[in-house]
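Asker: Quick one: the structure is below, questions incoming.
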Amino acid sequence: MTCLALIISFDRPWWWVVLIPVVALILWIGRKTLSGLSSRTRKVALGIRLFCVALIIGTLAEPQFRRTNTQMAVTVVLDASKSQPREVNSKFADSFKKWEEQNRNDPDNLLGVVTAARVASVQIIPRRLDGFDIKDVGPTDATDLASGLRRAMAVMPPNAANRIVIVSDGNETMGDLMDAARSAEAARIPVDVLPIRYAIDREVIVDKLIAPSTARPGEVAVLKAVIVSTKPAKGKLSILMNGQPVDLDQASDDLAAKVELVAGTNVQAVPIRLPANGPVKFEAIFEPLPDADGKSPDTLTENNRALAVTFIGGQGRVLVLTSRPDEAKELVRAIEAGSRTITVKEPYEAWSSLAELGSYECVALVNVSASEVSQSQQEDLKTYVHDLGGGMVMVGGDQSFGAGGWIGSTVADILPIKLDPPQKRQMPRGALGLVMHSCEMPNGNFWGRRCAEAAIDALQAQDLVGVIEYNWQDPAGGWVFPLQVVGDKSAPKRALGGLTYGDAPDFQSMLQAMYKSLTAVPAGQKHVIIISDGDPQPPTDALLAQYVAAKISISTVAVFPHSPFKGAADLSKMKRIADRTNGTYHEITDTTGNLRSIPEIFIKEAQTVKRSLIWEGDPLIPQITTITEGLRGISLLPAVTGYVVAADREGLSQVSVRGAQNDPILAQWQHGLGRVVTFTSDATGKWASRWMGWDQYRQFWDQHIKWAMRPASDQNIRIVTVDEGEKTRVIVEAVDEKGERMNFLNWRARAVSPDGVATSFDLVQTGPGRYESTVDTSKAGSHTISMGYDGGGEGPGAIRGAVQAAITRPFADEYRSLRDNAALLEQVAKRTGGRVLAFTPEAKDLWDRKAMTMPVSLRPIWVGALILMLGVWLVDVAVRRVRIDIPLIARSVAGLFGKAKEQAGEQIDALKVAREKARERMAKQAEAGGGRVGQSIGLDGSEHGEASSAKFEATAEEIAYLRKSNRSMEEFTGPGAPIESRGAPAEGPSVEQAKQDAEAGLSRLMRAKKRAQDDIDQS
Amino acid sequence: MTIGLSPHGDGAGAVWVADTHYNRVLVYAMPLLPTDGSMNTEQPELLLSFGTYGTGPGEFTYPSDVLVLSQPDGKTIKRVYVSEFGGNDRVSMFEPESAGASQGMRFVGQFGHAGDAADPSGFQRPQALALRPASGDRPDELIVTDSVNHRLGRFTLDGGLIAWLNGAGVPGRSAGQFWHPRGMLMLEDGTAMVVEFGNNRLQRVNLDTGTCLGLFGAPGSGDGEIAEPWALAAVGRRGFVVDARNHRLIELKLPSAGVHFATDSGTVPPLAGVTTGTLPTRSPRPSNP
């Protein structure tokens, strides 16, 4: 049970010093001010006043309730990194159960758990022991004990005594544990440590693989694998080049080379002939062989690999992407000039990694639509241009730019033109109709909706879309979304929720309704997509002929037909519809996975309506508006008969050639480290037939490709990287062709981490031709660095170049530790006043309260004291000012029952008697000496010579009576004892009159007695 | 599906199934119905299977219905008609290869082809077949629902066209018009009860005049409503409608007795999942001007 020790303490106890003089003062003042009170009352009043003053002083002294807590919290910082032996966690779990059992009857012992790896994670906030479960600990490839300790300090309960226990081998790879320990020391938190001791005596580490950062194709490079071994060991060394093993031992079938290691550092040199251009990733892998005792010389296998990257430069590699190689033929011939290496590929298989894409100096897309390039490829292209300095040239055609569905794509962001034509251009819009019959597909409802959504997404706001299906409630209708403007796409997408997925008996009624709607709207391009299993009856030939006449194409997507074999009726029916109307037929018959391609089909088909973004007309000579490097020596361009309409982009893009209505045809700009050129007409005979025979055709393309291309890797730039733990220092030494150091270069540098995150960094000149920077390389893997430089100026004499390098961190530093670092932990314990514990401590040791300062919680109570003081003060006032006549009160109460009347009558009778006597006395006096009536008698009984008025003055007897009854004038003059309240005489006019007479006399008597009392007081 | 004679020639009943998407006809022995009302889970014997995919004579694309014509002796099969759609859109005729033992069926002829309503012999999804027994001077007739042409055809047993009901093929909601007629049942009085997929109703028609004699049901899923009905069958006076979109069978009381099964015996146990009720009759709508 929690034990509370209630104590009141004062935060400013020195206020009590004033109590004694204040008390004396009060006593002295009270003698005067309280003298009119009776003795008893005076004492009570004084006592209350002193109490009130004490309360005031106590409030000023800031009183507090003081409570000492007996709870103690132990927060365990558990090292969860990879370098920990696996049995640590299970041992800790066993210990936890033991502590739970031992603390069953002691709820004052609290336990919290924080795991520390690359990040610190709170697993249990300190609480009474109740189960233990480790959840996500985050990445385990690093150890940041400092972060764990700080997190443990953050979660400690403030009202308990706290200890922290670090369970670790002490090998930290991040952060500074001693620094965190200093914080704990300052906060007076003892940190106990529980070292996990181990020593790996059998270990082989492939420390690094050294390879040249740049080389020429065909060159023989000598790779050096640095291998550290604790003991002599035997094993096999393999070298992979771009994932493929290199034959290192041609004398045997084994590709790997047998190596014998000595204890210590070994360097294995491996000469390798380098392939053609591009980045080459090398990987060295060591495989240990059992020794004579059959034991492996290696304990951890995670550190048996090392990576290196060499960039092999050439004359310039260009990748040409096209699905129609014929269209790119002339262009390829044009750019092959200058000994470039041209690779032509279809977009989908163009590259498998960013590194492979990065091996090209320029990428040219020739009439490629967005649907041919995956989203990840688009991301790669963006990174390739912006971060790796690659060049891109986009050449037009009827499948390119806006007509190719690139509007709103990732690649659109890096183009020097905007793909949405300007409003003022008033391009004809497209109209798309969707005929939905997906009910018999697997998950037909889901895929039907997905397809429709994908198609709508491919449209622009001004396009029209309509969705129709067989509606069992309205077989003549079936519009899910009548043909109308797409707008922001929310309306048509919302309408898809109304799809009923009816089983259409025929296509005729739906196509008839669709035809009627499409022919009623003005649109540049009209297209219909049907998705079905082919079951419904085909439309009539007459209706298909109407479609053809109206230039409305129908594409069909046959999905899971009932007869999936060639020539089957439902398939041929669908194909016939597409063929007849110049649409495209798609067939999905695979039962696994192909369904995912259906939305892509819909996107591609929907883009058919984008052809409305194409300008085609009479031959038009494009106007050169700006002379650029690409147009150097060209003053006149041949006519074109078509191009894709686009718009200018604000900013630094440069439009050098324009078409009708000022449309940009040729534009270029610098984007990040790279350059982009766009040409919205085509490179074929379709729109640029007059270009094919133009004598400057090759010059035009050669110059533009050259301008966009990333400069070849400069052999005069030397890069050295220095490992500084989590960071790497990059040192660049630049010399020109004459060997002179290049100074004052402007660098643009980007580093791309293994997970694709690109960051910029600055290179600062630190010496003649020497530039340095630091790059974060904490993540394991290959970091690619691209650096472009220029020395200012344009044209042939401009100093410009680029260089790439790679920094590899093959495995986490976790795997470099071969023994524990218990010494660090012991230092932490010593600094903070903690202990070094055995691995499985008992609960009583863990929650040892000896030398612990138990926390005290203080609660101010001055407000309560103040309220009490106010109450006491009111009592003080009441005691002094309010006469509590208990007998009077008693009489009053009794008066309610009649007894008081008698007492009142007795008093009146007594006063009457006194008055009669007074009259007699006065009469006697008058008789005796002609004294005047009313001669007063002093309080001492002496007679005064002054004549009295009608006033009645107290006689000596009356005065004596007063003194005897111990009453003051206040009793007669005060509000507490009106005569009337003492009881009126019995009813009857005589009694009333007597009463009035008595009252009049009493009033005079009271005034006389008051004067007598005053005389007494004065004496 | 239909109930017909067994191809064994023994006069026993058999279930003939148009196995649409496997492009064939299957014939099963009649399943025995326990008289104690319990379920019969025994797989009936497959007596015959014929048909392969194709467009040639005797081949099928998507067979939709089967009709078995008996010889006057009531024991052997005279002829089997199979309607199909999916490109062939015709009615094929088969006869037993030999009387008696279960041999195959041989193709003997076909009528109709894929075509719209303008084509007098055009079919667009002949969905259901029924035999209209002879009456007086009128011989037996073959009735075919030409579903996508929205009409009913009357044919001789050799496939000669007698007449079309709603022959223009214009779909409609009025009485006497059809919208995707599918299942059909011949009533004893020579009228036909037609299930209309598109109109979500049943319509009883005079096959001689095409006059509507009653409309039953309304689109919906509540009581008395149907949605995308496919077929209609009868057991005694009890009719059962396949209410496809509502995933149920609706039992209704037929206006007059339906077809009796040759092997019908005793009490027919109630069918699971059947909603019993009466479809409200609807007044015939006036024809469109």
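Following the order of the structure tokens, chains are lettered A, B, ..., residues in each are numbered from 1, and ligands are numbered from 1.
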With a distance cut-off of 10 Å and only C-alpha atoms, select the neighbouring residues of Asp19 (chain B), excluding the residue or stretch itself and same-chain residues fewer than 2 positions from it, and output the selection as a list of chain:residue names.
Answerer: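 Those residues are B:Met1, B:Trp16, B:Val17, B:His21, B:Tyr22, B:Asn23, B:Arg24, B:Val25, B:Leu26, B:Val27, B:Ser49, B:Gly51, B:Tyr62, B:Pro63, B:Ser64, B:Asp65, B:Val66.
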Asker: Would you mind writing down, as a ChimeraX atom specification, each residue of region 46-88 of chain B that DSSP on the backbone assigns to strand (DSSP E)?
Answerer: /B:46-50,62-70,77-85
Asker: Do you have the CA of Lys917 (chain A)-CA of Gln1013 (chain A) distance handy?
Answerer: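 Separation between CA of Lys917 (chain A) and CA of Gln1013 (chain A): 20.4 Å.
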Asker: Any idea which chain B residues end up within 9 Å of chain A if we count only C-alpha atoms, as JSON, numbers by chain please?
Answerer: {"B": [21, 22, 53, 54, 61, 85, 86, 87, 88, 115, 116, 124, 125, 147, 148, 171, 179, 180, 197, 198, 199, 200, 219, 220, 227, 228, 245]}
Asker: Distance CA of Asn166 (chain B)-CA of Ala114 (chain B), one decimal place?
Answerer: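 Interatomic distance, CA of Asn166 (chain B) to CA of Ala114 (chain B): 17.8 Å.
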Asker: I'd like the contact shell of Glu349 (chain A) - 12 Å cut-off, only C-alpha atoms, skipping same-chain residues fewer than 6 positions apart - returned as a list in words.
Answerer: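 Counting only the stated atoms, we get Leu319, Val320, Leu321, Thr322, Ser323, Glu356, Leu357, Glu372, Val373, Ser374 and Gln377 of chain A.
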Asker: Generate the output file for the selected residues, N, CA and C atoms, as a PDB file, in the first residue's frame.
Answerer:
ATOM      1  N   LEU A 319      19.759   6.433 -75.323  1.00  0.00           N
ATOM      2  CA  LEU A 319      18.705   5.417 -75.340  1.00  0.00           C
ATOM      3  C   LEU A 319      17.511   6.004 -76.074  1.00  0.00           C
ATOM      4  N   VAL A 320      17.070   5.322 -77.111  1.00  0.00           N
ATOM      5  CA  VAL A 320      15.901   5.772 -77.872  1.00  0.00           C
ATOM      6  C   VAL A 320      14.749   4.838 -77.549  1.00  0.00           C
ATOM      7  N   LEU A 321      13.665   5.418 -77.047  1.00  0.00           N
ATOM      8  CA  LEU A 321      12.483   4.626 -76.696  1.00  0.00           C
ATOM      9  C   LEU A 321      11.421   4.828 -77.757  1.00  0.00           C
ATOM     10  N   THR A 322      10.918   3.742 -78.287  1.00  0.00           N
ATOM     11  CA  THR A 322       9.846   3.827 -79.275  1.00  0.00           C
ATOM     12  C   THR A 322       9.178   2.472 -79.404  1.00  0.00           C
ATOM     13  N   SER A 323       7.860   2.484 -79.645  1.00  0.00           N
ATOM     14  CA  SER A 323       7.160   1.231 -79.914  1.00  0.00           C
ATOM     15  C   SER A 323       7.081   0.986 -81.405  1.00  0.00           C
ATOM     16  N   GLU A 356      20.923   1.534 -64.257  1.00  0.00           N
ATOM     17  CA  GLU A 356      21.063   1.196 -65.677  1.00  0.00           C
ATOM     18  C   GLU A 356      20.654   2.387 -66.539  1.00  0.00           C
ATOM     19  N   LEU A 357      19.567   3.034 -66.163  1.00  0.00           N
ATOM     20  CA  LEU A 357      19.154   4.226 -66.912  1.00  0.00           C
ATOM     21  C   LEU A 357      20.237   5.291 -66.840  1.00  0.00           C
ATOM     22  N   GLU A 372       2.515   3.588 -72.269  1.00  0.00           N
ATOM     23  CA  GLU A 372       3.595   2.642 -72.572  1.00  0.00           C
ATOM     24  C   GLU A 372       4.707   2.717 -71.540  1.00  0.00           C
ATOM     25  N   VAL A 373       4.635   3.676 -70.638  1.00  0.00           N
ATOM     26  CA  VAL A 373       5.697   3.860 -69.651  1.00  0.00           C
ATOM     27  C   VAL A 373       5.066   3.734 -68.270  1.00  0.00           C
ATOM     28  N   SER A 374       5.608   2.856 -67.460  1.00  0.00           N
ATOM     29  CA  SER A 374       5.013   2.630 -66.147  1.00  0.00           C
ATOM     30  C   SER A 374       5.301   3.816 -65.233  1.00  0.00           C
ATOM     31  N   GLN A 377       8.812   3.905 -64.004  1.00  0.00           N
ATOM     32  CA  GLN A 377       9.733   4.381 -65.037  1.00  0.00           C
ATOM     33  C   GLN A 377       9.668   5.902 -65.144  1.00  0.00           C
TER      34      GLN A 377
END
Asker: Skipping near chain neighbours, those fewer than 5 positions away, what residues fall within 6 Å of region 666-680 of chain A using only C-alpha atoms, listed as JSON, numbers by chain?
Answerer: {"A": [385, 386, 387, 389, 390, 391, 392, 393, 394, 395, 396, 416, 643, 644, 653, 654, 655, 656, 657, 708]}
Asker: Keeping only N, CA and C atoms, write those residues as a PDB file, in the first residue's frame.
Answerer:
ATOM      1  N   VAL A 385      16.874  12.841 -64.873  1.00  0.00           N
ATOM      2  CA  VAL A 385      17.146  14.180 -65.388  1.00  0.00           C
ATOM      3  C   VAL A 385      17.552  15.117 -64.251  1.00  0.00           C
ATOM      4  N   HIS A 386      16.723  15.159 -63.214  1.00  0.00           N
ATOM      5  CA  HIS A 386      16.910  16.180 -62.192  1.00  0.00           C
ATOM      6  C   HIS A 386      18.112  15.911 -61.303  1.00  0.00           C
ATOM      7  N   ASP A 387      18.300  14.647 -60.927  1.00  0.00           N
ATOM      8  CA  ASP A 387      19.324  14.337 -59.925  1.00  0.00           C
ATOM      9  C   ASP A 387      20.598  13.725 -60.492  1.00  0.00           C
ATOM     10  N   GLY A 389      21.524  14.269 -63.754  1.00  0.00           N
ATOM     11  CA  GLY A 389      22.059  15.101 -64.821  1.00  0.00           C
ATOM     12  C   GLY A 389      21.868  14.548 -66.209  1.00  0.00           C
ATOM     13  N   GLY A 390      21.019  13.543 -66.362  1.00  0.00           N
ATOM     14  CA  GLY A 390      20.799  12.986 -67.689  1.00  0.00           C
ATOM     15  C   GLY A 390      20.004  13.938 -68.569  1.00  0.00           C
ATOM     16  N   GLY A 391      20.101  13.734 -69.885  1.00  0.00           N
ATOM     17  CA  GLY A 391      19.352  14.571 -70.816  1.00  0.00           C
ATOM     18  C   GLY A 391      18.168  13.816 -71.370  1.00  0.00           C
ATOM     19  N   MET A 392      17.102  14.556 -71.693  1.00  0.00           N
ATOM     20  CA  MET A 392      15.926  13.906 -72.272  1.00  0.00           C
ATOM     21  C   MET A 392      15.412  14.722 -73.442  1.00  0.00           C
ATOM     22  N   VAL A 393      15.080  14.017 -74.511  1.00  0.00           N
ATOM     23  CA  VAL A 393      14.477  14.657 -75.679  1.00  0.00           C
ATOM     24  C   VAL A 393      13.173  13.941 -75.965  1.00  0.00           C
ATOM     25  N   MET A 394      12.076  14.703 -75.995  1.00  0.00           N
ATOM     26  CA  MET A 394      10.771  14.089 -76.269  1.00  0.00           C
ATOM     27  C   MET A 394      10.333  14.542 -77.654  1.00  0.00           C
ATOM     28  N   VAL A 395      10.177  13.577 -78.560  1.00  0.00           N
ATOM     29  CA  VAL A 395       9.805  13.876 -79.938  1.00  0.00           C
ATOM     30  C   VAL A 395       8.353  13.491 -80.131  1.00  0.00           C
ATOM     31  N   GLY A 396       7.611  14.348 -80.843  1.00  0.00           N
ATOM     32  CA  GLY A 396       6.168  14.201 -80.953  1.00  0.00           C
ATOM     33  C   GLY A 396       5.699  13.152 -81.935  1.00  0.00           C
ATOM     34  N   PRO A 416       9.679  21.347 -70.707  1.00  0.00           N
ATOM     35  CA  PRO A 416       9.714  22.808 -70.774  1.00  0.00           C
ATOM     36  C   PRO A 416       8.435  23.424 -71.324  1.00  0.00           C
ATOM     37  N   TYR A 643       1.213  18.799 -85.481  1.00  0.00           N
ATOM     38  CA  TYR A 643       1.953  18.749 -84.213  1.00  0.00           C
ATOM     39  C   TYR A 643       0.911  18.656 -83.096  1.00  0.00           C
ATOM     40  N   VAL A 644       1.398  18.317 -81.926  1.00  0.00           N
ATOM     41  CA  VAL A 644       0.502  18.254 -80.767  1.00  0.00           C
ATOM     42  C   VAL A 644       0.488  19.632 -80.127  1.00  0.00           C
ATOM     43  N   SER A 653      12.046  28.220 -69.138  1.00  0.00           N
ATOM     44  CA  SER A 653      12.043  27.433 -70.365  1.00  0.00           C
ATOM     45  C   SER A 653      12.168  28.365 -71.557  1.00  0.00           C
ATOM     46  N   GLN A 654      12.707  27.826 -72.612  1.00  0.00           N
ATOM     47  CA  GLN A 654      12.991  28.635 -73.791  1.00  0.00           C
ATOM     48  C   GLN A 654      12.274  27.999 -74.973  1.00  0.00           C
ATOM     49  N   VAL A 655      11.345  28.753 -75.593  1.00  0.00           N
ATOM     50  CA  VAL A 655      10.670  28.247 -76.787  1.00  0.00           C
ATOM     51  C   VAL A 655      11.372  28.858 -77.986  1.00  0.00           C
ATOM     52  N   SER A 656      11.954  28.018 -78.823  1.00  0.00           N
ATOM     53  CA  SER A 656      12.747  28.541 -79.937  1.00  0.00           C
ATOM     54  C   SER A 656      12.017  28.434 -81.266  1.00  0.00           C
ATOM     55  N   VAL A 657      10.972  27.602 -81.339  1.00  0.00           N
ATOM     56  CA  VAL A 657      10.230  27.462 -82.608  1.00  0.00           C
ATOM     57  C   VAL A 657       8.748  27.408 -82.274  1.00  0.00           C
ATOM     58  N   ALA A 708      21.412  18.447 -75.059  1.00  0.00           N
ATOM     59  CA  ALA A 708      20.698  17.827 -73.931  1.00  0.00           C
ATOM     60  C   ALA A 708      21.544  16.802 -73.201  1.00  0.00           C
TER      61      ALA A 708
END
Asker: Which residues come within 8 Å of Leu483 (chain A), counting only C-alpha atoms, excluding same-chain residues fewer than 3 positions away, as number ranges by chain?
Answerer: A: 433, 464-467, 517-518
Asker: Can you write just those residues out, N, CA, C and O atoms, as a CSV table (one decimal), in the first residue's frame?
Answerer:
chain,number,residue,atom,x,y,z
A,433,GLY,N,-17.4,6.9,-74.9
A,433,GLY,CA,-18.5,6.2,-74.4
A,433,GLY,C,-18.1,4.8,-73.8
A,433,GLY,O,-17.2,4.2,-74.4
A,464,LEU,N,-15.9,14.7,-73.0
A,464,LEU,CA,-17.2,14.2,-72.6
A,464,LEU,C,-17.1,12.7,-72.3
A,464,LEU,O,-16.3,12.0,-73.0
A,465,VAL,N,-17.9,12.3,-71.4
A,465,VAL,CA,-17.9,10.8,-71.1
A,465,VAL,C,-19.3,10.4,-70.9
A,465,VAL,O,-20.1,11.1,-70.3
A,466,GLY,N,-19.6,9.2,-71.3
A,466,GLY,CA,-20.9,8.6,-71.0
A,466,GLY,C,-20.8,7.1,-70.7
A,466,GLY,O,-19.9,6.5,-71.3
A,467,VAL,N,-21.5,6.6,-69.7
A,467,VAL,CA,-21.4,5.2,-69.3
A,467,VAL,C,-22.8,4.6,-69.4
A,467,VAL,O,-23.7,5.1,-68.9
A,517,SER,N,-26.4,9.5,-78.7
A,517,SER,CA,-25.8,10.6,-77.9
A,517,SER,C,-24.5,11.1,-78.5
A,517,SER,O,-24.3,12.3,-78.5
A,518,LEU,N,-23.7,10.3,-79.0
A,518,LEU,CA,-22.4,10.7,-79.6
A,518,LEU,C,-22.6,11.6,-80.8
A,518,LEU,O,-21.8,12.6,-81.0
Asker: So how many Å separate CA of Leu874 (chain A) and CA of Ile8 (chain A), to one decimal?
Answerer: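 Straight-line distance from CA of Leu874 (chain A) to CA of Ile8 (chain A) works out to 25.3 Å.
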Asker: I need the residues of region 15-202 of chain A that end up classed as alpha helix (DSSP H) by DSSP on the backbone, written out as a count of residues only.
Answerer: 73
Asker: Can you tell me, as JSON, numbers by chain, what residues are no more than 12 Å from region 101-107 of chain A when counting only C-alpha atoms, ignoring any on the same chain fewer than 5 positions away?
Answerer: {"A": [1, 2, 70, 71, 72, 73, 94, 95, 96, 126, 127, 128, 129, 130, 131, 841, 842, 843, 844, 845, 846, 847]}
Asker: Choose the residue, out of A:Phe811, A:Ile867, A:Ile125, A:Ser229, that has the smallest atom-to-atom separation from Glu302 (chain A); count only C-alpha atoms.
Answerer: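 For Glu302 (chain A), the nearest of the candidates is A:Phe811.
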Asker: So that I can check the surroundings of region 203-216 of chain A, please list as a PyMOL selection string every protein, DNA and RNA residue that reaches within 7 Å of it, counting only C-alpha atoms and ignoring chain neighbours fewer than 5 positions away.
Answerer: chain A and resi 222-230+284+297-300+303-314+805
Asker: Which of these, A:Ile407, A:Ile529, A:Leu818, A:Met574, has the shortest distance to Leu613 (chain A) once you count only C-alpha atoms?
Answerer: A:Ile407
Asker: Select, from A:Ile29, A:Ala257, A:Ala334, A:Ile588, the residue with the minimum atom-to-atom distance to Ala269 (chain A), counting only C-alpha atoms.
Answerer: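 Of A:Ile29, A:Ala257, A:Ala334, A:Ile588, the one nearest Ala269 (chain A) is A:Ala257, counting only C-alpha atoms.
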